[in-house]
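Heads up: the structure comes next, in C-alpha cells.
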Amino acid sequence: MSAVLPSYAAGRWFAPDDGAPLLDASTGEEIVRVSSSGLDFAAMVDYARQTGGPAIRALTFHERAARLKALAKTLSERAVKDAFYDLSFRTGATQRDSMVDIDGGIGTLFAYASKGTRELPDGKVVLDGPAEPLGKGGTFVGQHVFVSRPGVAVQINAFNFPVWGMLEKLAPAFLAGLPSIVKPASQTAYLTEAVVRQIVDSGLLPAGSLQLVSGSAGNLLDHLGAQDSVAFTGSAHTADILRQHPSVLHGGVQFGVEADSLNCSVLGTDVTVDDPEFELFVKGVVTEMTVKAGQKCTAIRRVIVPAGIADDVVAAISDRLAKVTVGKADAEGVRMGALASLGQRDEVRKAVEALRTSSEIVFGNPDDVTVVGADAESGAFISPILLRAQDGAREVHDVEPFGPVSTVISYETLDEAIELAARGKGSLAGSVVTHDPEVARTIVLGLAPWHGRILVLDRDDAGESTGHGSPLPMLVHGGPGRAGGGEELGGIRGVLHHMQRTAIQGSPDMVTAIGGRWTAGAQRREGAIHPFRKSLAELQIGDTISSAQREVTLEDINTFAEFTGDTFYAHTDPAAAAANPLFGGIVAHGYLVVSLAAGLFVEPNPGPVLANFGVDNLRFLTPVKAGDTIAVTLTVKQVTPRLNADYGEVRWDAVVANAEGDPVATYDVLTLVAKTWPQEADDQG
C-alpha cells in the first residue's frame with residue numbers, strides 16, 4: 001500500500017493510517033493515498049488566528065512583500081522546480097502545461113512582491129483616497145482606511161492548477177495580513193503538498209502563515225466566523241452547497257467563488273480567411289482546447305463566428321487539431337496529456353453526449369484516441385472534440401465539458417453574437433478577434449456585463465498577447481453570474497479584498513496619527529533646521545518650511561516663454577489674454593509658478609535629499625499675474641523607507657499661495673532621502 005499524503009496542521013505534519021488512492025493520470029498507477037481523517041480542524045483555525053495572523057500582521061506591507069519575493073526565488077531554484085515538474089507530469093500536464101501552473105504561480109508571487117513594495121505603504125494601514133472635509137472650519141475630516149482582519153483565509157482549490165491555484169490566493173492574502181489554510185482538490189494534491197513542504201522548509205513565512213488540508217475539508221467551515229473568508233474554485237454545484245453552510249449564511253464568513261464558465265471567443269464580421277486575424281483566432285481556439293487538456297476555467301467552450309465563414313473556421317480548427325499528438329505528458333512530441341483522472345474523463349464524455357443533443361461532432365471521437373507512450377484506457381486520455389451547434393441549440397450554453405471540447409456557433413449580426421455570448425449567464429473570460437475598432441467597441445461593450453475579462457486580439461497586439469485563457473496578477477480574475485460572482489487578483493485590489501474598509505472621522509491631527517499620512521489642517525512643525533537637512537530617520541510627518549515671498553514679474557513670464565518656447569497667447573499676447581474670461585490679462589505659466597516655488601523651498605547644499613523623482617496631483621487654482629507675489633508651504637506628508645536600500649521616499653505637501661493667501665497651485669513633491677546622513681558630510685558641504 002502507498003504512503004498517505006500528509007496534511008500540515010498547527011505546525012506539524014500529520015498523516016492518517018490509510019486513505020483513498022490517487023492515480024497517475026497517464027498510467028493509472030497508484031501514487032499515494034489521501035485522507036484528512038483525524039485532523040483537528042478547530043485547532044488549525046485557532047493556530048492560524050492565534051499564531052499565524054499576529055506574526056504576519058507584525059510585519060509591514062513591505063516586509064511581507066520581501067518575504068514573498070524571497071519565497072518566489074526559493075521556489076524558482078532549478079532543483080526545486082524540476083522536482084515539481086516531475087510530479088506535475090503525473091497529473092497529466094505536459095511541459096507547457098506545467099509551466100503555466102508552476103512558473104505561472106511563482107510569477108504571481110514575484111508580481112505581488114513587486115506591487116506590495118511599489119504600491120503599498122511601508123506600514124500596516126492603507127489609505128483609500130484623500131481625506132474628506134466634514135466641516136467648514138477644517139477641524140473635522142473623514143478618511144477611508146483599509147485594515148487587516150484578525151481572521152483566516154480558507155482556500156479551496158480545483159484540481160487543474162495545483163500550484164498556481166494555491167499561490168495566486170496565498171500571495172494577496174499574506175500581503176493583507178491573513179494566514180491561509182489551503183485545501184487542494186485531492187486528484188492532484190500531491191503536487192500542492194510538495195510545494196507547501198518546500199515553503200515550510202524554507203522558513204520564510206512566519207509560523208502559522210500556511211497550513212494544508214490533504215483530503216476532505218471535513219468540518220473546517222464549522223469553525224469559521226465573521227472575520228474569516230473562504231475562496232472557492234470549482235464547480236457551481238459544489239459552490240451552491242457551500243453557500244448554504246451556516247457559517248456563510250448566518251456566521252458572516254466572506255465567501256468568494258470562481259465556478260463553471262462557458263467562455264466564448266467571438267470572430268468579428270470584418271475578418272476574412274486571408275486576414276491575419278483568422279489565423280490568430282483559429283490558433284487561439286486550438287490552444288485553449290489543448291493546454292491542460294482543456295481543463296481550464298478560462299478555456300474557450302463556445303466559438304462564435306459569422307455564418308458566412310463558419311465552414312472555413314471548422315475546417316481550419318480541425319486541420320490544426322489533427323496535428324495535436326496526445327499521450328503521456330513527458331513523452332517526446334506530445335502536445336496534449338491526459339485528463340486529471342478516469343472519473344474526469346467520464347464526466348467529459350457525459351458532457352459531450354449532452355451537447356450532441358443539438359450539436360454535431362465535426363472532429364474527434366470521445367471514445368477513441370491514439371496515444372503515445374501510454375495505454376489509452378488505463379490513462380485518462382481523450383481526443384480533442386470539436387462540435388458544431390445547430391441553429392437554436394441550447395445545451396451549448398448550459399453544459400460545460402471540462403476538457404478539450406469546444407463548439408462552433410454561427411451568427412448573422414453583431415447583436416446576435418452578443419446575445420449568444422450572454423446565454424452563457426456569465427463567464428470568466430471572453431475574447432474578440434477583429435481589426436475593426438467599431439466592431440471591437442460594439443462587441444466588447446455588449447460582452448462586458450457578462451465577463452470578468454475580455455481580450456481584444458488583432459495583428460497589432462498578437463506579438464505580446466498572453467492569450468485568451470491566461471489570468472494575470474495585475475488584472476481581475478473572476479466573473480459574474482454562472483462564473484460565481486467572485487473576484488481575485490487584480491493587483492492590489494486582490495489585497496484590499498481581504499481587508500476591512502472603514503471610514504474614520506476625527507480631527508486632522510487624529511486622522512494623521514491613525515493613517516500615517518499628513519492631513520490638511522493637521523499640525524505643522526517649523527524648526528531652525530530646514531527639512532531638507534534631515535535624514536529619513538530624523539524627518540517626522542508634519543515637518544514644514546514656509547518660504548519667503550517672491551514677486552512674479554513680466555520679465556519672468558517673457559523669459560520663461562522665450563526659453564521654453566511656450567508662447568501660448570495667455571502669456572504673450574496682452575489683447576488676447578485680456579479677452580480670455582478666465583484670465584483678463586497676461587498670466588504666468590503654471591510651470592513657471594512651480595519652478596519658482598522650487599527655488600523658494602529648496603535647500604541647495606549637498607545633504608540627505610538625493611533626488612526629486614516626481615510630482616503628483618498638480619493643480620493650478622488661481623491665475624498669477626505680473627506683479628503678484630507667491631510663497632510656498634512645504635510639509636512632510638508621508639515617509640516610506642525602502643527595504644534593502646540606504647534611502648527612502650518622502651512625499652511633501654506643497655501649497656503655493658499668493659499675497660492674499662489664496663492657493664495658486666497645490667501638489668505633492670516626491671523625493672528620495674538618505675536614511676542617515678553623517679555630520680561630516682554636512683561639514684564638507
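Residue numbering restarts at 1 for every chain of the C-alpha cells, chains are lettered A, B, ... in their displayed order, and ligands are numbered from 1 as they appear.
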Skipping near chain neighbours, those fewer than 3 positions away, what residues fall within 10 Å of A:Leu321 using only C-alpha atoms, listed as a ChimeraX atom specification?
/A:283,285-287,289-290,315-318,324-325,363-364,383-386
Quick one: residues within 9 Å of A:Gln523, only C-alpha atoms counted, chain neighbours fewer than 5 positions away excluded, as a list in words?
Pro508, Asp509, Trp518, Gly542 and Asp543 of chain A
Please, which residues of stretch 372-536 of chain A, numbered as in this document, come out helix (DSSP H, G or I) from DSSP, as a PyMOL selection string?
chain A and resi 395-397+414-422+437-450+481-483+492-496+508-515+531-533
Test item: residues at most 8 Å from A:Arg550, only C-alpha atoms, excluding those fewer than 6 positions along its chain, as a PDB file with N, CA, C and O atoms, in the first residue's frame:
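Result file result.pdb:
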```
ATOM      1  N   LEU A 600      12.028  78.578  -4.076  1.00  0.00           N
ATOM      2  CA  LEU A 600      11.729  79.155  -2.772  1.00  0.00           C
ATOM      3  C   LEU A 600      11.916  78.156  -1.631  1.00  0.00           C
ATOM      4  O   LEU A 600      12.302  78.537  -0.528  1.00  0.00           O
ATOM      5  N   THR A 629       2.772  88.268  -5.903  1.00  0.00           N
ATOM      6  CA  THR A 629       3.805  87.569  -5.135  1.00  0.00           C
ATOM      7  C   THR A 629       3.309  86.184  -4.752  1.00  0.00           C
ATOM      8  O   THR A 629       2.104  85.959  -4.590  1.00  0.00           O
ATOM      9  N   ILE A 630       4.250  85.274  -4.646  1.00  0.00           N
ATOM     10  CA  ILE A 630       3.913  83.907  -4.243  1.00  0.00           C
ATOM     11  C   ILE A 630       4.836  83.460  -3.111  1.00  0.00           C
ATOM     12  O   ILE A 630       5.940  83.989  -2.950  1.00  0.00           O
ATOM     13  N   ALA A 631       4.364  82.495  -2.330  1.00  0.00           N
ATOM     14  CA  ALA A 631       5.156  81.860  -1.278  1.00  0.00           C
ATOM     15  C   ALA A 631       4.718  80.410  -1.187  1.00  0.00           C
ATOM     16  O   ALA A 631       3.620  80.039  -1.629  1.00  0.00           O
TER      17      ALA A 631
END
```
Figure out the distance between atom CA of A:Ser359 and atom CA of A:Thr233, please, to one decimal in Å.
28.7 Å
Which is closer to A:Leu224 than all the others in A:Ala503, A:Leu420, A:Leu596, A:Val152, using only C-alpha atoms?
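Of all the options, A:Val152 lies closest to A:Leu224.
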Rounded to one decimal in Å, what is the spacing between atom CA of A:Asp240 and atom CA of A:Gln227?
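Separation between atom CA of A:Asp240 and atom CA of A:Gln227: 21.3 Å.
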Using Å and a single decimal, report how far atom CA of A:Ser186 sits from atom CA of A:Asn365.
28.3 Å
Closest to A:Glu488 among A:Leu428, A:Met99, A:Val673, A:Val371, using only C-alpha atoms?
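Selected residue with least distance to A:Glu488: A:Leu428.
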Residues within 10 Å of A:Ser2, only C-alpha atoms, excluding chain neighbours under 5 positions, as a ChimeraX atom specification:
/A:18-19,21-22,30-34
Could you save those same residues with N, CA, C and O atoms as a tab-separated table (two decimals), in the first residue's frame?
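The result, stored in out-v8.tsv:
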```
chain	number	residue	atom	x	y	z
A	18	ASP	N	-4.56	5.35	6.58
A	18	ASP	CA	-4.96	4.91	5.25
A	18	ASP	C	-5.80	6.00	4.60
A	18	ASP	O	-6.24	6.95	5.26
A	19	GLY	N	-6.03	5.84	3.30
A	19	GLY	CA	-6.82	6.83	2.58
A	19	GLY	C	-7.18	6.32	1.21
A	19	GLY	O	-6.87	5.18	0.84
A	21	PRO	N	-6.91	6.02	-2.83
A	21	PRO	CA	-5.76	6.06	-3.74
A	21	PRO	C	-5.86	7.21	-4.74
A	21	PRO	O	-6.93	7.53	-5.25
A	22	LEU	N	-4.70	7.82	-5.03
A	22	LEU	CA	-4.58	8.81	-6.09
A	22	LEU	C	-3.73	8.19	-7.18
A	22	LEU	O	-2.64	7.67	-6.92
A	30	GLU	N	-0.95	3.73	-8.86
A	30	GLU	CA	-1.19	4.43	-7.61
A	30	GLU	C	0.06	5.22	-7.20
A	30	GLU	O	1.16	4.68	-7.18
A	31	ILE	N	-0.12	6.49	-6.89
A	31	ILE	CA	0.98	7.36	-6.47
A	31	ILE	C	1.04	7.46	-4.96
A	31	ILE	O	2.09	7.29	-4.33
A	32	VAL	N	-0.08	7.73	-4.35
A	32	VAL	CA	-0.17	7.98	-2.92
A	32	VAL	C	-1.63	7.83	-2.52
A	32	VAL	O	-2.51	7.75	-3.38
A	33	ARG	N	-1.89	7.78	-1.23
A	33	ARG	CA	-3.27	7.78	-0.75
A	33	ARG	C	-3.55	9.08	-0.01
A	33	ARG	O	-2.63	9.77	0.42
A	34	VAL	N	-4.81	9.42	0.11
A	34	VAL	CA	-5.15	10.71	0.70
A	34	VAL	C	-6.36	10.58	1.63
A	34	VAL	O	-7.32	9.89	1.33
```
Distance query stretch 338-341 of chain A at most 10 Å, only C-alpha atoms, self and fewer than 3 positions along chain excluded, as a VMD selection string:
chain A and resid 22 to 28 89 to 94 159 to 160 187 to 188 292 to 295 326 to 329 344 to 348 371 374 376 379 to 383 402 to 404
Applying 8 Å and only C-alpha atoms, which residues near A:Val352 remain after dropping the ones on its own chain fewer than 3 positions away? List them as a ChimeraX atom specification.
/A:348-349,355-356,366,401,405
Export of the given selection (all heavy atoms) as a compact mmCIF listing (two decimals), in the first residue's frame:
```txt
# COMPACT_ATOMS: atom_id res chain seq x y z
N VAL A 348 -16.39 14.24 -18.85
CA VAL A 348 -16.29 14.90 -20.15
C VAL A 348 -17.10 14.15 -21.19
O VAL A 348 -17.80 14.76 -22.02
CB VAL A 348 -14.81 15.03 -20.58
CG1 VAL A 348 -14.71 15.56 -22.01
CG2 VAL A 348 -14.05 15.94 -19.63
N ARG A 349 -17.03 12.85 -21.18
CA ARG A 349 -17.80 12.06 -22.14
C ARG A 349 -19.30 12.29 -21.96
O ARG A 349 -20.05 12.42 -22.94
CB ARG A 349 -17.48 10.57 -21.98
CG ARG A 349 -16.11 10.18 -22.55
CD ARG A 349 -15.74 8.75 -22.20
NE ARG A 349 -14.54 8.32 -22.92
CZ ARG A 349 -13.89 7.19 -22.67
NH1 ARG A 349 -14.32 6.36 -21.70
NH2 ARG A 349 -12.82 6.87 -23.38
N LEU A 355 -24.14 17.57 -25.21
CA LEU A 355 -24.01 18.56 -26.27
C LEU A 355 -24.51 18.02 -27.61
O LEU A 355 -25.05 18.77 -28.43
CB LEU A 355 -22.54 19.00 -26.41
CG LEU A 355 -21.97 19.85 -25.27
CD1 LEU A 355 -20.47 20.05 -25.46
CD2 LEU A 355 -22.67 21.20 -25.19
N ARG A 356 -24.34 16.72 -27.83
CA ARG A 356 -24.73 16.12 -29.10
C ARG A 356 -26.25 16.13 -29.31
O ARG A 356 -26.73 15.86 -30.42
CB ARG A 356 -24.20 14.69 -29.20
CG ARG A 356 -22.67 14.65 -29.30
CD ARG A 356 -22.16 13.22 -29.39
NE ARG A 356 -22.46 12.61 -30.69
CZ ARG A 356 -22.08 11.39 -31.03
NH1 ARG A 356 -21.37 10.65 -30.17
NH2 ARG A 356 -22.38 10.91 -32.21
N PRO A 366 -14.91 10.89 -28.70
CA PRO A 366 -14.71 10.82 -27.25
C PRO A 366 -14.36 9.42 -26.75
O PRO A 366 -13.87 9.27 -25.62
CB PRO A 366 -16.05 11.29 -26.69
CG PRO A 366 -17.04 11.07 -27.78
CD PRO A 366 -16.29 11.27 -29.06
N PRO A 401 -18.22 21.09 -20.78
CA PRO A 401 -17.34 19.92 -20.81
C PRO A 401 -15.95 20.35 -20.35
O PRO A 401 -15.26 21.06 -21.08
CB PRO A 401 -17.36 19.51 -22.28
CG PRO A 401 -17.61 20.79 -23.02
CD PRO A 401 -18.37 21.72 -22.10
N VAL A 405 -12.79 20.30 -25.37
CA VAL A 405 -14.04 20.30 -26.14
C VAL A 405 -14.49 21.74 -26.38
O VAL A 405 -14.58 22.53 -25.44
CB VAL A 405 -15.16 19.54 -25.41
CG1 VAL A 405 -16.43 19.51 -26.26
CG2 VAL A 405 -14.71 18.13 -25.05
```
Identify, on the basis of only C-alpha atoms, every residue whose closest approach to A:Leu178 does not exceed 8 Å; exclude the query and any residue fewer than 6 positions from it along the same chain; express the result as a PyMOL selection string.
chain A and resi 52-53+56-57+148-153+209+498
With distances taken over only C-alpha atoms, which residue among A:Ser470, A:Thr139, A:Ser465, A:Thr60 lies nearest A:Cys297?
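Looking only at the distances to A:Cys297, the closest residue turns out to be A:Ser470.
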